[in-house]
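One structure is given here, and the rest of the page talks about it.
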Amino acid sequence: MILRRRLVALLSVLSVLALVYCVFFTPLLGVRQVDVRGNVALTEDEVRAVAGIDSGSPLVRLDLKEIHDRVAGIPRVAAVEVERQLPGTVRLLITERAPVGSVKLPDGFHLIDSTGKDYAILPAAAPGVPELVLTLPSSSDPATRAVVGVVNGLPEKLRPEVVSVAATTGADVKLTLTGDRVVKWGSSDDTARKGAVLLVLLTREGKTYDVSSPDLATVS
């Protein structure tokens, strides 16, 4: 009886060890599919290539943080989630950056996102967003941060009228609207208030609207 119990216990231990070995060191629960979701401009193959997940790799031994960091390094990627899904799938949930505007430079139109990051270059201006007139677009550039801050805070009603947004410093933002109308905006401070004041001013005829000091806004 005792021998039988010992044999059963030994078989149980061996079964557990065999299962652990199969799960951690064999393709039994290995990667069979890398499922990419949420991509728009990026192709699934581009994302898979950067993720670098080998087919057959034991699912439970994958370093999800390493995979995350590799995919997050793609310039177009704003955020990524990496998930294991038994029995053999790794899912990559991608959020791509969206442009708030594009900057025309000698090598093409640089797409700028809501953080000021220059993340892609196109041969033509991005549709549906204004041209950003900047010398060196970068999230560390005061002019870029000011321009992006203004664009991010514009009233929805005003956005379709904005043709371009320009700045050389963080305090001289200027908007060009349809009809060759110009708006002197100043800094990105009080953007919500300036936007509300500008909507009122636009009910009056003029070519130049100055909301840089919203308490003393003018039309000429």
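Following the order of the structure tokens, chains are lettered A, B, ..., residues in each are numbered from 1, and ligands are numbered from 1.
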Which of stretch 118-208 of chain A end up as helix (DSSP H, G or I) when DSSP is run on this backbone - answer as a ChimeraX atom specification?
/A:142-153,159-161,178-180,191-201
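Residues lying within 7 Å of stretch 179-196 of chain A, counting only C-alpha atoms and ignoring same-chain neighbours fewer than 6 positions away, are Ala146, Gly149, Val150, Gly153, Leu154, Pro155, Gly170, Ala171, Asp172, Val173, Lys207, Thr208, Tyr209, Asp210, Val211, Ser212 and Pro214 of chain A.
Shell of stretch 36-51 of chain A at 7 Å, with only C-alpha atoms counted and residues fewer than 3 places along the chain excluded, is A:Ile67, A:Arg70, A:Val71, A:Arg91, A:Leu92, A:Leu93, A:Ile94, A:Thr95, A:Glu96.
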Backbone DSSP call of strand (DSSP E or B) for stretch 2-220 of chain A, listed as an MDAnalysis selection string
chainID A and resid 30 33:37 58 77:85 89:96 99:105 108:113 118:122 131:133 162:166 173:177 181:186 208:210 218:219
Writer output for current selection, C-alpha atoms, as a tab-separated table (two decimals), in the first residue's frame:
```tsv
chain	number	residue	atom	x	y	z
A	30	GLY	CA	4.33	28.15	-28.50
A	33	GLN	CA	0.06	33.75	-34.44
A	34	VAL	CA	0.93	37.42	-33.86
A	35	ASP	CA	-2.35	39.32	-34.10
A	36	VAL	CA	-1.94	43.04	-34.87
A	37	ARG	CA	-4.92	45.31	-34.21
A	58	PRO	CA	7.05	29.32	-25.60
A	77	VAL	CA	3.11	54.33	-32.62
A	78	ALA	CA	1.61	56.42	-29.82
A	79	ALA	CA	0.75	53.47	-27.56
A	80	VAL	CA	0.80	49.66	-27.64
A	81	GLU	CA	-0.56	46.87	-25.47
A	82	VAL	CA	0.88	43.36	-25.63
A	83	GLU	CA	-1.28	40.42	-24.57
A	84	ARG	CA	-0.82	36.64	-24.36
A	85	GLN	CA	-3.80	34.60	-25.49
A	89	THR	CA	-1.49	33.94	-29.86
A	90	VAL	CA	0.25	37.22	-29.05
A	91	ARG	CA	-1.99	40.23	-29.61
A	92	LEU	CA	-0.54	43.68	-30.28
A	93	LEU	CA	-3.06	46.50	-29.82
A	94	ILE	CA	-1.69	49.56	-31.62
A	95	THR	CA	-2.69	53.21	-31.29
A	96	GLU	CA	-1.12	55.25	-34.05
A	99	PRO	CA	-1.47	64.56	-36.97
A	100	VAL	CA	-2.58	67.96	-35.71
A	101	GLY	CA	-0.80	69.52	-38.66
A	102	SER	CA	2.05	69.14	-41.14
A	103	VAL	CA	5.22	71.18	-41.64
A	104	LYS	CA	6.56	71.72	-45.15
A	105	LEU	CA	10.34	71.16	-45.23
A	108	GLY	CA	8.52	66.68	-47.64
A	109	PHE	CA	5.66	67.34	-45.24
A	110	HIS	CA	6.47	66.36	-41.66
A	111	LEU	CA	3.51	65.14	-39.61
A	112	ILE	CA	3.28	66.57	-36.09
A	113	ASP	CA	1.12	64.97	-33.39
A	118	ASP	CA	7.66	64.89	-35.68
A	119	TYR	CA	6.85	61.28	-36.55
A	120	ALA	CA	6.50	60.80	-40.32
A	121	ILE	CA	7.15	62.43	-43.69
A	122	LEU	CA	4.68	62.51	-46.58
A	131	GLU	CA	-0.14	73.64	-42.21
A	132	LEU	CA	2.21	74.40	-39.33
A	133	VAL	CA	4.86	76.97	-40.22
A	162	VAL	CA	-7.76	77.47	-39.96
A	163	VAL	CA	-5.41	77.25	-42.97
A	164	SER	CA	-2.08	77.58	-41.18
A	165	VAL	CA	-0.55	78.22	-37.77
A	166	ALA	CA	2.89	79.82	-37.50
A	173	VAL	CA	1.65	82.38	-32.66
A	174	LYS	CA	-0.25	83.57	-35.71
A	175	LEU	CA	-3.20	81.91	-37.44
A	176	THR	CA	-4.17	82.33	-41.06
A	177	LEU	CA	-7.85	81.69	-41.70
A	181	ARG	CA	-7.75	86.63	-42.51
A	182	VAL	CA	-4.95	86.78	-39.95
A	183	VAL	CA	-5.23	86.19	-36.20
A	184	LYS	CA	-2.52	87.43	-33.84
A	185	TRP	CA	-2.69	84.87	-31.06
A	186	GLY	CA	0.43	85.48	-29.02
A	208	THR	CA	-6.67	91.18	-38.86
A	209	TYR	CA	-7.93	89.91	-35.51
A	210	ASP	CA	-5.78	90.38	-32.42
A	218	THR	CA	-9.26	94.19	-31.72
A	219	VAL	CA	-10.40	93.90	-35.35
```
